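Structure file model-v2.txt; described as compact mmCIF, C-alpha atoms.
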# COMPACT_ATOMS: atom_id res chain seq x y z
CA MET A 1 -76.55 -257.91 -29.83
CA ARG A 2 -77.79 -254.58 -28.49
CA THR A 3 -81.31 -255.37 -29.74
CA ARG A 4 -81.30 -258.74 -27.96
CA LEU A 5 -80.17 -257.10 -24.68
CA SER A 6 -82.92 -254.51 -24.98
CA ALA A 7 -85.53 -257.19 -25.56
CA LEU A 8 -84.22 -259.18 -22.58
CA LEU A 9 -84.38 -256.06 -20.39
CA VAL A 10 -88.02 -255.50 -21.37
CA VAL A 11 -88.86 -259.09 -20.42
CA ILE A 12 -87.09 -258.75 -17.05
CA LEU A 13 -88.87 -255.48 -16.27
CA ALA A 14 -92.23 -256.95 -17.25
CA PHE A 15 -91.63 -260.01 -15.08
CA SER A 16 -90.61 -257.77 -12.13
CA THR A 17 -93.81 -255.76 -12.54
CA ILE A 18 -95.86 -258.96 -12.49
CA CYS A 19 -94.07 -260.11 -9.32
CA ILE A 20 -94.75 -256.79 -7.60
CA CYS A 21 -98.42 -257.00 -8.54
CA LEU A 22 -98.63 -260.54 -7.22
CA ALA A 23 -96.93 -259.50 -3.98
CA GLN A 24 -99.42 -256.67 -3.46
CA PRO A 25 -102.91 -258.04 -4.24
CA ALA A 26 -105.57 -255.55 -5.29
CA ARG A 27 -107.79 -254.35 -2.48
CA THR A 28 -111.53 -254.65 -2.67
CA ARG A 29 -113.28 -251.32 -2.08
CA LEU A 30 -116.50 -251.00 -0.10
CA VAL A 31 -118.40 -247.81 0.70
CA VAL A 32 -120.18 -247.16 4.00
CA SER A 33 -122.84 -244.46 4.22
CA ALA A 34 -125.24 -243.87 7.10
CA SER A 35 -127.70 -242.43 4.58
CA GLY A 36 -127.87 -245.68 2.63
CA ARG A 37 -126.04 -244.39 -0.46
CA GLY A 38 -123.17 -246.86 -0.12
CA ASP A 39 -122.72 -250.60 -0.03
CA PHE A 40 -123.42 -250.74 3.72
CA ARG A 41 -124.95 -248.52 6.39
CA THR A 42 -122.57 -249.70 9.12
CA VAL A 43 -118.81 -250.10 9.33
CA GLN A 44 -119.20 -253.53 10.90
CA GLY A 45 -121.36 -254.62 7.98
CA ALA A 46 -118.55 -253.79 5.56
CA VAL A 47 -115.92 -255.47 7.76
CA ASP A 48 -117.99 -258.67 7.92
CA HIS A 49 -118.33 -258.69 4.13
CA ALA A 50 -114.59 -258.28 3.46
CA MET A 51 -112.91 -261.48 2.29
CA GLY A 52 -109.33 -260.17 1.86
CA PRO A 53 -107.41 -256.88 1.89
CA THR A 54 -110.16 -254.26 1.73
CA VAL A 55 -110.47 -250.48 1.65
CA ILE A 56 -113.61 -249.40 3.51
CA ALA A 57 -114.41 -245.84 2.46
CA ILE A 58 -116.67 -244.16 5.02
CA GLN A 59 -118.88 -241.23 4.07
CA PRO A 60 -119.21 -238.33 6.57
CA GLY A 61 -121.51 -239.11 9.48
CA ILE A 62 -121.72 -240.44 13.03
CA TYR A 63 -121.63 -244.23 13.26
CA HIS A 64 -122.95 -245.36 16.64
CA GLU A 65 -121.61 -248.89 16.78
CA LYS A 66 -118.91 -251.17 18.14
CA VAL A 67 -116.57 -252.45 15.45
CA SER A 68 -114.58 -255.68 15.74
CA ILE A 69 -111.92 -256.46 13.11
CA SER A 70 -110.27 -259.87 12.95
CA ARG A 71 -109.52 -259.90 9.22
CA LYS A 72 -106.04 -259.01 7.95
CA GLY A 73 -105.55 -255.97 5.74
CA ILE A 74 -108.60 -253.85 6.59
CA TRP A 75 -108.19 -250.12 5.90
CA LEU A 76 -110.77 -247.62 7.20
CA ILE A 77 -110.74 -244.36 5.22
CA GLY A 78 -112.82 -241.35 6.30
CA LEU A 79 -114.03 -239.30 3.34
CA GLY A 80 -114.76 -236.06 5.20
CA ALA A 81 -112.79 -232.85 4.97
CA ASN A 82 -111.51 -233.40 8.53
CA PRO A 83 -111.13 -236.35 10.92
CA GLU A 84 -114.12 -235.06 12.92
CA ASP A 85 -116.42 -235.58 9.93
CA VAL A 86 -116.40 -239.38 10.26
CA THR A 87 -116.90 -240.58 13.83
CA ILE A 88 -117.27 -244.14 15.09
CA THR A 89 -118.64 -243.90 18.62
CA PHE A 90 -119.93 -246.05 21.46
CA GLY A 91 -120.09 -245.84 25.25
CA ASP A 92 -118.98 -249.04 26.94
CA SER A 93 -116.63 -249.44 29.91
CA ALA A 94 -115.10 -252.07 32.15
CA LYS A 95 -117.85 -251.29 34.64
CA ASN A 96 -120.77 -252.27 32.39
CA THR A 97 -119.06 -255.00 30.32
CA GLY A 98 -117.03 -256.66 33.06
CA SER A 99 -113.65 -256.10 31.40
CA THR A 100 -111.49 -253.29 30.04
CA PHE A 101 -110.91 -255.46 26.99
CA LYS A 102 -114.61 -255.68 26.18
CA SER A 103 -115.11 -251.91 26.36
CA GLY A 104 -113.46 -250.86 23.09
CA THR A 105 -115.38 -248.90 20.50
CA VAL A 106 -113.10 -250.36 17.80
CA ILE A 107 -111.26 -253.62 18.53
CA VAL A 108 -108.61 -254.78 16.05
CA ASP A 109 -107.00 -258.21 16.38
CA ALA A 110 -105.53 -258.66 12.91
CA ASP A 111 -102.37 -257.46 11.18
CA GLN A 112 -101.91 -254.72 8.56
CA PHE A 113 -104.77 -252.56 9.82
CA ALA A 114 -104.90 -248.91 8.77
CA ALA A 115 -107.11 -245.92 9.53
CA GLU A 116 -107.07 -242.52 7.90
CA ASN A 117 -108.91 -239.23 8.52
CA LEU A 118 -111.52 -240.29 11.09
CA SER A 119 -112.40 -240.28 14.79
CA ILE A 120 -112.91 -243.15 17.23
CA VAL A 121 -114.67 -242.17 20.44
CA ASN A 122 -115.73 -243.87 23.65
CA THR A 123 -118.39 -241.67 25.27
CA TRP A 124 -118.53 -243.40 28.69
CA TRP A 125 -116.88 -240.47 30.46
CA ASP A 126 -119.21 -237.99 28.75
CA ASP A 127 -122.31 -240.06 29.48
CA HIS A 128 -121.51 -240.77 33.16
CA ALA A 129 -120.60 -237.62 35.06
CA ASP A 130 -120.85 -239.24 38.51
CA PRO A 131 -117.29 -239.93 39.81
CA ALA A 132 -118.57 -243.26 41.11
CA ASP A 133 -118.99 -244.33 37.47
CA ALA A 134 -115.37 -243.59 36.51
CA SER A 135 -114.03 -246.63 34.69
CA GLN A 136 -111.65 -247.87 32.03
CA ALA A 137 -113.21 -247.10 28.66
CA VAL A 138 -111.19 -247.96 25.55
CA ALA A 139 -111.71 -246.10 22.29
CA LEU A 140 -109.29 -248.18 20.17
CA GLN A 141 -108.04 -251.62 21.20
CA LEU A 142 -105.25 -252.42 18.74
CA SER A 143 -103.23 -255.64 18.55
CA SER A 144 -101.95 -255.47 14.99
CA ASP A 145 -98.51 -255.75 13.41
CA GLN A 146 -97.72 -253.33 10.57
CA SER A 147 -100.60 -251.03 11.45
CA VAL A 148 -100.80 -247.34 10.50
CA LEU A 149 -103.08 -244.62 11.83
CA ASP A 150 -102.78 -241.28 10.06
CA ARG A 151 -104.76 -238.17 11.05
CA VAL A 152 -106.95 -240.14 13.46
CA ARG A 153 -108.62 -238.76 16.62
CA LEU A 154 -108.95 -241.11 19.63
CA LEU A 155 -111.04 -239.82 22.54
CA SER A 156 -112.05 -241.20 25.93
CA GLY A 157 -111.00 -240.85 29.58
CA GLN A 158 -109.16 -243.74 31.22
CA ASP A 159 -107.42 -246.24 28.89
CA THR A 160 -108.24 -244.46 25.62
CA LEU A 161 -105.75 -246.35 23.44
CA TYR A 162 -104.65 -249.95 23.99
CA ALA A 163 -101.57 -250.07 21.75
CA ALA A 164 -100.72 -253.71 22.27
CA SER A 165 -99.19 -256.89 20.92
CA ARG A 166 -100.71 -260.34 21.02
CA THR A 167 -97.39 -262.06 20.23
CA CYS A 168 -95.34 -261.54 23.41
CA ARG A 169 -97.87 -261.89 26.19
CA GLY A 170 -97.41 -265.62 26.71
CA SER A 171 -93.64 -265.63 26.16
CA THR A 172 -91.02 -266.05 28.87
CA ASN A 173 -87.73 -264.44 29.75
CA SER A 174 -85.86 -267.19 27.91
CA GLY A 175 -86.01 -265.68 24.41
CA SER A 176 -86.65 -262.58 22.36
CA CYS A 177 -90.07 -261.62 21.04
CA ASP A 178 -90.97 -259.17 18.30
CA ALA A 179 -93.93 -257.09 19.41
CA SER A 180 -96.55 -255.71 17.03
CA ARG A 181 -95.37 -252.58 15.19
CA GLU A 182 -97.79 -249.65 15.17
CA TYR A 183 -97.37 -246.20 13.65
CA PHE A 184 -99.42 -243.18 14.71
CA ASN A 185 -98.86 -240.11 12.54
CA ASP A 186 -100.40 -236.68 13.09
CA CYS A 187 -102.97 -238.14 15.50
CA PHE A 188 -104.93 -236.55 18.38
CA ILE A 189 -105.25 -238.69 21.52
CA GLU A 190 -107.28 -237.55 24.52
CA GLY A 191 -107.61 -239.15 27.93
CA ASN A 192 -106.56 -239.03 31.56
CA VAL A 193 -105.50 -242.18 33.50
CA ASP A 194 -103.03 -244.46 31.63
CA TYR A 195 -104.59 -243.29 28.42
CA ILE A 196 -101.98 -244.90 26.14
CA PHE A 197 -101.24 -248.40 27.45
CA GLY A 198 -100.08 -251.81 26.28
CA ASP A 199 -97.03 -253.66 24.96
CA ALA A 200 -96.74 -252.78 21.27
CA LYS A 201 -93.67 -251.27 19.65
CA ALA A 202 -95.36 -248.01 18.74
CA VAL A 203 -94.12 -244.74 17.28
CA PHE A 204 -96.16 -241.57 17.78
CA ASN A 205 -94.98 -239.00 15.25
CA HIS A 206 -96.17 -235.36 15.42
CA CYS A 207 -99.15 -236.35 17.58
CA GLU A 208 -101.07 -234.21 20.08
CA LEU A 209 -101.57 -235.79 23.51
CA HIS A 210 -104.45 -233.97 25.18
CA SER A 211 -105.13 -234.41 28.90
CA ARG A 212 -108.74 -234.70 29.92
CA ARG A 213 -109.32 -233.16 33.34
CA HIS A 214 -108.53 -235.50 36.22
CA HIS A 215 -106.69 -235.15 39.53
CA GLU A 216 -103.97 -237.58 38.39
CA ILE A 217 -103.11 -237.86 34.70
CA MET A 218 -100.83 -240.60 33.36
CA ILE A 219 -100.15 -240.31 29.64
CA THR A 220 -98.60 -243.78 29.30
CA ALA A 221 -98.65 -247.17 31.00
CA GLN A 222 -96.37 -249.27 28.81
CA SER A 223 -96.15 -252.98 29.63
CA LYS A 224 -92.96 -254.52 28.31
CA HIS A 225 -92.83 -257.88 30.12
CA PHE A 226 -89.17 -258.96 29.92
CA PRO A 227 -85.87 -257.49 28.67
CA ALA A 228 -85.72 -259.36 25.35
CA GLU A 229 -89.22 -258.28 24.33
CA GLU A 230 -88.92 -255.83 21.44
CA SER A 231 -91.56 -253.35 22.57
CA GLY A 232 -91.77 -249.74 23.70
CA TYR A 233 -93.43 -246.38 23.03
CA TYR A 234 -91.53 -243.66 21.13
CA PHE A 235 -92.95 -240.14 21.00
CA LEU A 236 -91.23 -238.04 18.35
CA ASN A 237 -91.96 -234.32 17.90
CA CYS A 238 -95.26 -234.57 19.77
CA LYS A 239 -97.20 -231.97 21.76
CA ILE A 240 -98.77 -232.26 25.24
CA THR A 241 -101.81 -230.04 25.80
CA GLY A 242 -104.56 -229.60 28.37
CA VAL A 243 -105.97 -227.15 30.89
CA ASN A 244 -103.87 -226.43 33.98
CA GLU A 245 -106.42 -226.82 36.76
CA TRP A 246 -104.61 -228.47 39.68
CA ASP A 247 -104.14 -231.64 37.63
CA GLN A 248 -100.97 -233.64 38.23
CA VAL A 249 -99.67 -234.66 34.80
CA MET A 250 -97.10 -237.45 34.42
CA LEU A 251 -95.41 -238.77 31.29
CA GLY A 252 -96.20 -242.26 32.49
CA ARG A 253 -95.95 -245.09 35.00
CA PRO A 254 -94.72 -248.69 34.49
CA TRP A 255 -97.55 -251.18 34.08
CA ARG A 256 -95.00 -254.01 33.77
CA ASP A 257 -91.45 -254.43 35.08
CA TYR A 258 -89.61 -253.41 31.91
CA ALA A 259 -91.85 -250.60 30.67
CA THR A 260 -90.06 -248.63 27.93
CA VAL A 261 -91.04 -245.09 26.90
CA LEU A 262 -89.09 -242.30 25.20
CA PHE A 263 -90.13 -238.71 24.51
CA ASP A 264 -87.98 -236.72 22.06
CA HIS A 265 -88.45 -233.05 21.09
CA THR A 266 -91.78 -232.67 22.89
CA ASP A 267 -93.64 -229.34 22.95
CA ILE A 268 -95.01 -229.40 26.50
CA GLU A 269 -97.75 -226.80 26.77
CA GLN A 270 -99.57 -228.27 29.76
CA THR A 271 -97.55 -228.11 32.98
CA LEU A 272 -95.98 -231.43 33.97
CA ALA A 273 -95.35 -232.52 37.53
CA PRO A 274 -91.61 -231.86 38.16
CA GLU A 275 -90.82 -235.54 38.72
CA GLY A 276 -92.22 -236.37 35.28
CA TRP A 277 -92.82 -240.08 35.91
CA SER A 278 -94.70 -242.04 38.57
CA GLU A 279 -93.88 -245.18 40.49
CA TRP A 280 -96.10 -248.28 40.23
CA GLY A 281 -95.35 -251.31 42.38
CA GLY A 282 -91.62 -250.59 42.62
CA ARG A 283 -91.08 -251.06 38.88
CA LEU A 284 -89.25 -247.80 38.18
CA LYS A 285 -85.93 -249.46 38.98
CA THR A 286 -86.26 -251.78 35.96
CA ALA A 287 -88.23 -249.50 33.62
CA THR A 288 -86.53 -247.59 30.80
CA TYR A 289 -87.89 -244.05 30.81
CA ARG A 290 -86.23 -241.33 28.72
CA GLU A 291 -86.95 -237.70 27.88
CA TYR A 292 -84.86 -235.56 25.51
CA ASP A 293 -85.02 -231.95 24.34
CA SER A 294 -88.44 -231.10 25.76
CA TYR A 295 -89.47 -227.47 25.41
CA GLY A 296 -92.45 -225.21 26.03
CA PRO A 297 -94.07 -223.48 29.02
CA GLY A 298 -95.02 -226.71 30.79
CA VAL A 299 -91.63 -228.43 30.88
CA ASN A 300 -91.22 -227.72 34.61
CA GLY A 301 -87.96 -229.63 34.26
CA GLY A 302 -84.73 -230.53 35.90
CA LYS A 303 -86.02 -232.77 38.69
CA ARG A 304 -87.26 -235.91 36.94
CA ILE A 305 -87.52 -239.02 39.11
CA VAL A 306 -85.43 -240.99 36.57
CA LYS A 307 -82.35 -239.90 34.64
CA SER A 308 -82.00 -239.90 30.86
CA PRO A 309 -78.43 -240.78 29.82
CA PRO A 310 -77.12 -238.93 26.75
CA LEU A 311 -77.96 -240.50 23.42
CA THR A 312 -75.11 -241.78 21.30
CA ARG A 313 -74.82 -240.65 17.70
CA GLU A 314 -76.17 -244.01 16.52
CA GLU A 315 -79.13 -243.84 18.92
CA LYS A 316 -80.02 -240.37 17.63
CA ARG A 317 -79.82 -241.65 14.06
CA GLN A 318 -82.26 -244.44 14.89
CA LEU A 319 -84.89 -242.08 16.35
CA ASN A 320 -87.16 -242.01 13.32
CA PRO A 321 -90.27 -244.06 12.44
CA ARG A 322 -88.63 -246.06 9.65
CA SER A 323 -85.62 -247.19 11.67
CA LEU A 324 -87.65 -248.00 14.77
CA LEU A 325 -90.35 -250.00 12.99
CA GLU A 326 -88.94 -251.52 9.79
CA GLY A 327 -87.96 -254.84 11.40
CA ALA A 328 -86.45 -257.78 9.53
CA ASP A 329 -89.02 -257.48 6.72
CA GLY A 330 -88.10 -253.86 5.90
CA TRP A 331 -91.57 -252.43 6.54
CA ASN A 332 -91.85 -248.71 5.68
CA PRO A 333 -94.63 -247.08 7.77
CA ILE A 334 -93.93 -243.60 6.36
CA SER A 335 -94.56 -244.79 2.81
CA GLU A 336 -97.79 -246.48 3.89
CA ALA A 337 -99.02 -243.30 5.62
CA LYS A 338 -98.42 -241.33 2.43
CA GLN A 339 -100.33 -243.98 0.49
CA LEU A 340 -103.29 -243.51 2.84
CA GLN A 341 -103.16 -239.75 2.37
CA ARG A 342 -103.23 -240.11 -1.41
CA LEU A 343 -106.04 -242.62 -1.18
CA VAL A 344 -108.41 -240.38 0.79
CA HIS A 345 -108.00 -237.60 -1.79
CA ARG A 346 -108.64 -240.03 -4.65
CA LEU A 347 -111.78 -241.48 -3.06
CA ARG A 348 -113.52 -238.24 -2.12

In structure tokens, what does this structure look like?
Amino acid sequence: MRTRLSALLVVILAFSTICICLAQPARTRLVVSASGRGDFRTVQGAVDHAMGPTVIAIQPGIYHEKVSISRKGIWLIGLGANPEDVTITFGDSAKNTGSTFKSGTVIVDADQFAAENLSIVNTWWDDHADPADASQAVALQLSSDQSVLDRVRLLSGQDTLYAASRTCRGSTNSGSCDASREYFNDCFIEGNVDYIFGDAKAVFNHCELHSRRHHEIMITAQSKHFPAEESGYYFLNCKITGVNEWDQVMLGRPWRDYATVLFDHTDIEQTLAPEGWSEWGGRLKTATYREYDSYGPGVNGGKRIVKSPPLTREEKRQLNPRSLLEGADGWNPISEAKQLQRLVHRLR
């Protein structure tokens, strides 16, 4: 009897392993090298070749190109020692393309995107010093559910990161809508005006938010459209840096009526404006803006323009990437970030 049970257990375990393998199809691997030593010289060339979930391993170098990704399951992995060693860069803006949403250096409109250990840069603000040329210039335009960016640098001026959702934009107030879930871990994001904007449900964990010099800096412009939309920006254990040269630095302003942003345990090194948040079209009255346990020389606190009610014990328990982003399907962004970290070491 014991032998039969053991044999049955082996069969069950084997079948479970097969099911897991079928649920997680093997990823094709392509190598990009500017020197010609890989499968492709350009990132876009590899993206266009991908037919399913694909790991695109990118050798160190500067890749001067716009990249558009509309295929599900594309992972970009930089093989350098640091994120600076692999840089995808271009210099478009709303001014020269006719739209903010045509200016992105990397544009992702497909789910389950991931990026690890690389930089995405829009050079418009570096290439056009004349204030008359100031314009929206997106580095990463991301509309992707279950997306993870780990140790990624995003650099521009205005509108650096469009952390957005394509699912809720056409919805109405009549029902709920699950926004795209996006996880940013240990990232560096630089910009000035509204430099993190959009309507995703995004968690920024241990990220550095670096203000590029400007007379009026807005870190966020979240755009939750209606109360039942499940979107918002959550900054956990992040750091705000930048040079204090008469700049007015705000945590954000509401792009849409129900903008939702929370900062928790933020190391504020650059001096914030005392009011912390900025009005935009009278929307502060319906926005949900919260700030908890900020510290550092730039806090300049106590006189925020909106109040942050105390968190309940359950709300505090929920302030972690897994709880905020797992959704009905139980997605684990922390596990996926660790998988990316292991992958870059294996591929080098």

Selection near A:Ser99, 12 Å with only C-alpha atoms, sequence-local residues under 6 positions removed, as a VMD selection string: chain A and resid 92 to 93 135 to 138 159

Atom CA of A:Arg181 to atom CA of A:Glu326, straight-line distance in Å: 8.5 Å

Provide an axis-aligned box for all listed atoms of stretch 325-343 of chain A, padding each side by 8 Å; report its centre and its edge lengths in Å to one decimal, as lines of an AutoDock Vina configuration file.
center_x = -96.2
center_y = -248.8
center_z = 5.8
size_x = 35.6
size_y = 34.0
size_z = 30.4

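Atom pair atom CA of A:Val148 / atom CA of A:Ala228 has a distance of 24.3 Å (rounded to one decimal).
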
Nearest to A:Arg166, chosen from A:Asp199, A:Glu245, A:Glu315, A:Glu279, with all atoms listed in the file counted in the distances: A:Asp199

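Atom pair atom CA of A:Leu251 / atom CA of A:Trp277 has a distance of 5.5 Å (rounded to one decimal).
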
Shell around A:Leu154 at 10 Å using all atoms listed in the file, local window under 4 positions removed, as a ChimeraX atom specification: /A:87-88,118-122,138-140,160-161,187-191,209

Shell around A:His210 at 6 Å using all atoms listed in the file, local window under 6 positions removed, as an MDAnalysis selection string: chainID A and resid 190 240:242

Shortest interatomic distance to A:Ala132 - which of A:Phe204, A:His345, A:Arg153, A:Lys95, counting only C-alpha atoms: A:Lys95

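Nearest to A:Arg253 of all the residues A:Gly73, A:Gly157, A:Gly45, A:Gly276 is A:Gly276, counting only C-alpha atoms.
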
Contacts of stretch 179-290 of chain A with stretch 105-115 of chain A up to 12 Å, shortest pair per row, all atoms listed in the file, as a tab-separated table:
residue	atom	partner	partner_atom	distance
A:Ala179	CA	A:Asp111	CA	11.8
A:Ser180	CA	A:Asp111	CA	8.4
A:Arg181	CA	A:Asp111	CA	9.4
A:Glu182	CA	A:Phe113	CA	9.3
A:Tyr183	CA	A:Ala114	CA	9.4
A:Phe184	CA	A:Ala115	CA	9.7
A:Asn185	CA	A:Ala115	CA	10.5
A:Asp186	CA	A:Ala115	CA	12.0
A:Cys187	CA	A:Ala115	CA	10.6

I want to know what sits within 9 Å of stretch 303-307 of chain A, based on all atoms listed in the file, with residues of the same chain fewer than 5 positions away left out; could you give that as a CSV table (one decimal) with C-alpha atoms, in the frame of the given file?
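That gives us around_28.csv:
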chain,number,residue,atom,x,y,z
A,273,ALA,CA,-95.4,-232.5,37.5
A,274,PRO,CA,-91.6,-231.9,38.2
A,275,GLU,CA,-90.8,-235.5,38.7
A,276,GLY,CA,-92.2,-236.4,35.3
A,277,TRP,CA,-92.8,-240.1,35.9
A,278,SER,CA,-94.7,-242.0,38.6
A,279,GLU,CA,-93.9,-245.2,40.5
A,284,LEU,CA,-89.2,-247.8,38.2
A,285,LYS,CA,-85.9,-249.5,39.0
A,288,THR,CA,-86.5,-247.6,30.8
A,289,TYR,CA,-87.9,-244.0,30.8
A,290,ARG,CA,-86.2,-241.3,28.7
A,291,GLU,CA,-87.0,-237.7,27.9

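Residue nearest A:Asp264 within the list A:Cys238, A:Ala221, A:Ala328, A:Met51: A:Cys238 [criterion: smallest interatomic distance, only C-alpha atoms].
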
Which residue of A:Ala163, A:Ile217, A:Leu347, A:Leu142 approaches A:Val31 most closely, using only C-alpha atoms: A:Leu347

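Closest approach to A:Phe263 among A:Glu230, A:Asp293, A:Asp247, A:Asp48 is made by A:Asp293 (distances from all atoms listed in the file).
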
Counting only C-alpha atoms, give me one row per residue of stretch 118-179 of chain A with an atom at most 10 Å from an atom of stretch 334-338 of chain A, showing the shortest contact pair and its distance in Å to one decimal, sorted by chain then residue number, as CSV.
residue,atom,partner,partner_atom,distance
A:Gln146,CA,A:Glu336,CA,9.6
A:Ser147,CA,A:Glu336,CA,9.3
A:Val148,CA,A:Ala337,CA,6.6
A:Leu149,CA,A:Ala337,CA,7.5
A:Asp150,CA,A:Ala337,CA,6.2
A:Arg151,CA,A:Ala337,CA,9.4
